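Peer 1: The structure's right below; bear with me while I get my questions together.
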Amino acid sequence: MTRNRYAALPRKFATIVAVIALVSTTSILDAQTRVKPGFNLFSAEQDVEIGRASAAEADRQFPLVTDRDVVTYVNEVGRRLAAHSGGPGFSYQFRVINASDINAFALPGGFIYVNRGILAEARNEGEVAGVIAHEIAHVALRHGTHQASKAYAAQAGLSILGGFLTGRASETTAGVINAIGGFGLNALFLKFSRELETQADVRGAQILAAAGYAPADMVGFFRTLARVDTSRKTTWLSHHPAPPDRIARIERESALLRVAAQPTRRVTELRAIQTRLRQMGAAPTMAQLASGQSTSRTPTATVESPSKSLRVYQNRSGVYRAAYPANWRVYEQGRSGVVFAPEGGIVQYGGRSEIVVGAVLNHYEPFDSGTGLLGGVSLEDATRDLIAQIQKGDAHLREVRGSARLLKPASGRALSVDLRGVNPRTRIEERLTVVTHQLADEHLIYLLFAIPEREAAAYAPTLSAIVNSLRIDEDRPH
């Protein structure tokens with residue numbers, strides 16, 4: 001049983017302990033350097049607007065690591081730090097780019113990107129936290145929109161700025177940003193002066209201390225950079241210049257905060273994450289990504305194996321019900337559609353959701369006839385029409401020769417066809433099994449079962465379980 005270690009103290013002494021703790025915390029806060037944000041034309045809400053638009057561009061440009069454990073690890077470290085960020089209180093989001101360079105950057109409003117190379121080279125969790133804390137500090141101090149404000153002021157002149165500052169131009173965020181380089185990976189949001197980098201170091205050291213890490217962790221990361229290959233460390237340093245006095249300034253802030261000079265000794269979880277990253281294969285460099293030379297695939301989530309225990313889903317219209325693995329999630333799509341997928345089985349790539357592992361059940365009207373005339377569309381014809389519609393959106397999928405086969409479900413008959421191809425977005429060779437069941441009005445209830453080709457055999461029992469569990473009530477309107 002866990003007990004409060006002060007519970008046995010007389011109330012008077014417990015109060016004294018609490019007062020001492022409060023005074024100690026207050027003295028640390030008073031001792032730290034106060035970093036003042038610079039001139040800014042934008043509101044905090046506009047920071048979020050700018051950051052969201054820029055992050056959408058970054059998400060399209062860079063392949064993101066979607067492995068659940070890796071993403072969870074970075075988010076847990078990030079949220080722990082963000083709780084002490086100060087500033088406007090942005091809702092921070094953390095993403096991992098599948099690139100080997102040691103680099104990280106922050107966009108206004110709380111969008112933080114960490115390259116896979118940082119996780120691979122860090123010696124302990126504190127070094128990862130040191131990088132993230134530095135980027136959070138840039139966001140909390142609003143350095144990106146501070147630089148954008150200075151650039152716009154120099155370009156626009158005082159007469160236009162007067163209107164902006166009084167709110168009459170509050171709807172022109174896009175116009176202002178486009179005038180100074182546009183959204184996306186604008187250099188104003190990514191490359192900062194020596195003064196702003198020092199501010200981010202100081203504020204980052206404070207965030208580290210408040211979150212239970214040590215400013216020494218940030219220093220430790222600089223020393224990590226010194227031991228890796230020069231060609232791999234230049235990216236972060238080119239964005240974050242590190243003169244000799246930079247480490248000294250962080251150490252001076254550590255002394256003001258009166259925290260331990262020893263780095264965080266937390267390595268077990270990071271070692272597990274580094275193992276998962278190695279299992280994904282080599283990551284490309286940012287230069288390869290920019291030039292289109294990279295042939296590595298986007299790393300997919302390492303999803304949990306499907307449970308043998310099943311749950312039953314009944315769709316809203318009542319037309320069908322089917323079983324699915326108990327450890328998969330249900331995503332309803334309107335009245336007739338549903339997606340079953342494991343955690344991490346659906347990834348975002350280039351602004352589009354990709355089902356890497358999962359099943360789709362839905363209703364389809366073949367040939368868009370709408371004539372009400374029956375008797376002219378066979379199960380085979382309707383299935384071919386559905387496959388043609390699938391291939392319009394995913395032209396890389398081709399029918400596997402000889403895969404078409406008739407099935408005998410609990411009622412009626414069904415047709416199964418396999419499609420296969422390399423997805424140009426995820427670069428995964430994927431298999432899509434299409435199973436169709438024709439209704440009395442010649443419409444289809446269809447199942448799409450998506451998996452990586454290399455795992456087809458492993459997921460065969462799951463596919464069979466879903467198909468065999470499918471029950472259709474043709475008397476229900478659809």
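How things are named: the first chain in the structure tokens is A, the next is B, and so on; residues count from 1 in each chain; ligands count from 1 in the order shown.
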So that I can check the surroundings of Ala458 in chain A, please list as a list in words every protein, DNA and RNA residue that reaches within 12 Å of it, counting only C-alpha atoms and ignoring chain neighbours fewer than 6 positions away.

Peer 2: Ser305, Pro306, Val357, Ile451, Pro452 and Ser464 of chain A

Peer 1: Convert the current residue selection to file output with C-alpha atoms, as a PDB file, in the first residue's frame.

Peer 2:
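File produced: part19.pdb:
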```
ATOM      1  CA  SER A 305      -1.287  -9.355 -34.011  1.00  0.00           C
ATOM      2  CA  PRO A 306      -5.040  -9.807 -34.495  1.00  0.00           C
ATOM      3  CA  VAL A 357      -3.950  -3.321 -42.141  1.00  0.00           C
ATOM      4  CA  ILE A 451      -2.734  -6.165 -45.633  1.00  0.00           C
ATOM      5  CA  PRO A 452       0.945  -6.042 -46.673  1.00  0.00           C
ATOM      6  CA  SER A 464     -11.746 -16.172 -43.069  1.00  0.00           C
TER       7      SER A 464
END
```

Peer 1: Using only C-alpha atoms, which residues sit within 10 Å of His143 in chain A once same-chain residues fewer than 3 positions away are excluded, as a list of chain:residue names?

Peer 2: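 So, after excluding close chain neighbours, the residues are A:Pro37, A:Gly38, A:Phe39, A:Asn40, A:Ala106, A:Leu107, A:Pro108, A:Ala137, A:His138, A:Val139, A:Ala140, A:His146, A:Gln147, A:Ala148, A:Ser149, A:Leu188, A:Phe189, A:Leu190, A:Lys191, A:Phe192, A:Ser193, A:Leu196, A:Glu197, A:Gln199, A:Ala200.
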
Peer 1: Compile the contact shell of Val71 in chain A as number ranges by chain: residues with an atom at most 10 Å away, counting only C-alpha atoms, same-chain residues fewer than 2 positions apart removed.

Peer 2: A: 64-69, 73-76, 94-96, 273, 301

Peer 1: Per DSSP on the backbone, filter range 26-205 of chain A down to the residues in strand (DSSP E or B) and report them as a ChimeraX atom specification.

Peer 2: /A:64,93-97,104-107,111-115

Peer 1: Can I get the selection written as a compact mmCIF listing (two decimals), in the first residue's frame, with N, CA and C atoms?

Peer 2:
```
# COMPACT_ATOMS: atom_id res chain seq x y z
N LEU A 64 6.55 10.22 -42.63
CA LEU A 64 6.50 10.21 -41.17
C LEU A 64 6.57 8.79 -40.64
N GLN A 93 1.81 19.31 -30.75
CA GLN A 93 1.75 18.06 -31.50
C GLN A 93 3.16 17.67 -31.92
N PHE A 94 3.47 16.38 -31.82
CA PHE A 94 4.83 15.91 -32.07
C PHE A 94 4.81 14.84 -33.16
N ARG A 95 5.70 14.99 -34.14
CA ARG A 95 5.79 14.05 -35.25
C ARG A 95 7.24 13.62 -35.43
N VAL A 96 7.43 12.40 -35.95
CA VAL A 96 8.78 11.87 -36.21
C VAL A 96 8.94 11.70 -37.71
N ILE A 97 9.95 12.33 -38.29
CA ILE A 97 10.23 12.22 -39.72
C ILE A 97 11.18 11.05 -39.96
N ALA A 104 15.77 18.68 -36.02
CA ALA A 104 14.42 18.89 -35.49
C ALA A 104 14.03 20.32 -35.82
N PHE A 105 12.75 20.57 -35.93
CA PHE A 105 12.30 21.95 -36.15
C PHE A 105 10.90 22.12 -35.57
N ALA A 106 10.54 23.36 -35.35
CA ALA A 106 9.23 23.70 -34.78
C ALA A 106 8.55 24.71 -35.67
N LEU A 107 7.25 24.55 -35.83
CA LEU A 107 6.43 25.51 -36.55
C LEU A 107 5.54 26.26 -35.57
N PHE A 111 3.66 22.86 -33.43
CA PHE A 111 3.89 21.69 -34.28
C PHE A 111 5.40 21.37 -34.29
N ILE A 112 5.77 20.27 -33.64
CA ILE A 112 7.18 19.92 -33.45
C ILE A 112 7.51 18.68 -34.28
N TYR A 113 8.60 18.76 -35.05
CA TYR A 113 9.06 17.64 -35.88
C TYR A 113 10.45 17.21 -35.42
N VAL A 114 10.61 15.92 -35.18
CA VAL A 114 11.89 15.36 -34.74
C VAL A 114 12.31 14.30 -35.75
N ASN A 115 13.51 14.43 -36.29
CA ASN A 115 14.00 13.41 -37.22
C ASN A 115 14.33 12.12 -36.48
```

Peer 1: Using DSSP assignments from the backbone, pull out every residue in range 32-214 of chain A that falls under helix (DSSP H, G or I) and give it to me as a PyMOL selection string.

Peer 2: chain A and resi 44-61+68-82+116-121+125-140+143-156+158-165+173-179+187-190+194-210

Peer 1: Can you build me a table of range 357-469 of chain A residues sitting at most 6 Å from range 322-339 of chain A, with the closest atom pair per residue and its distance in Å to one decimal, using only C-alpha atoms, sorted by chain and residue number, as a Markdown table?

Peer 2:
```
| residue | atom | partner | partner_atom | distance |
| --- | --- | --- | --- | --- |
| A:Ala359 | CA | A:Val339 | CA | 5.6 |
| A:Val360 | CA | A:Val339 | CA | 4.5 |
| A:Leu361 | CA | A:Val338 | CA | 5.4 |
| A:Asn362 | CA | A:Gly337 | CA | 4.3 |
| A:Ile466 | CA | A:Ala323 | CA | 5.5 |
| A:Ser469 | CA | A:Ala322 | CA | 5.2 |
```

Peer 1: Export C-alpha atoms of the chosen residues as an mmCIF file, in the first residue's frame?

Peer 2:
```cif
data_model
loop_
_atom_site.group_PDB
_atom_site.id
_atom_site.type_symbol
_atom_site.label_atom_id
_atom_site.label_comp_id
_atom_site.auth_asym_id
_atom_site.auth_seq_id
_atom_site.Cartn_x
_atom_site.Cartn_y
_atom_site.Cartn_z
ATOM 1 C CA ALA A 359 -11.110 -4.286 -43.342
ATOM 2 C CA VAL A 360 -13.834 -2.178 -44.946
ATOM 3 C CA LEU A 361 -17.504 -3.221 -45.146
ATOM 4 C CA ASN A 362 -19.955 -1.167 -47.186
ATOM 5 C CA ILE A 466 -14.706 -12.066 -40.931
ATOM 6 C CA SER A 469 -19.224 -14.372 -39.749
#
```

Peer 1: What's the separation between CA of Thr433 in chain A and CA of Val303 in chain A, in Å to one decimal place?

Peer 2: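 Between these atoms lies a distance of 19.3 Å.
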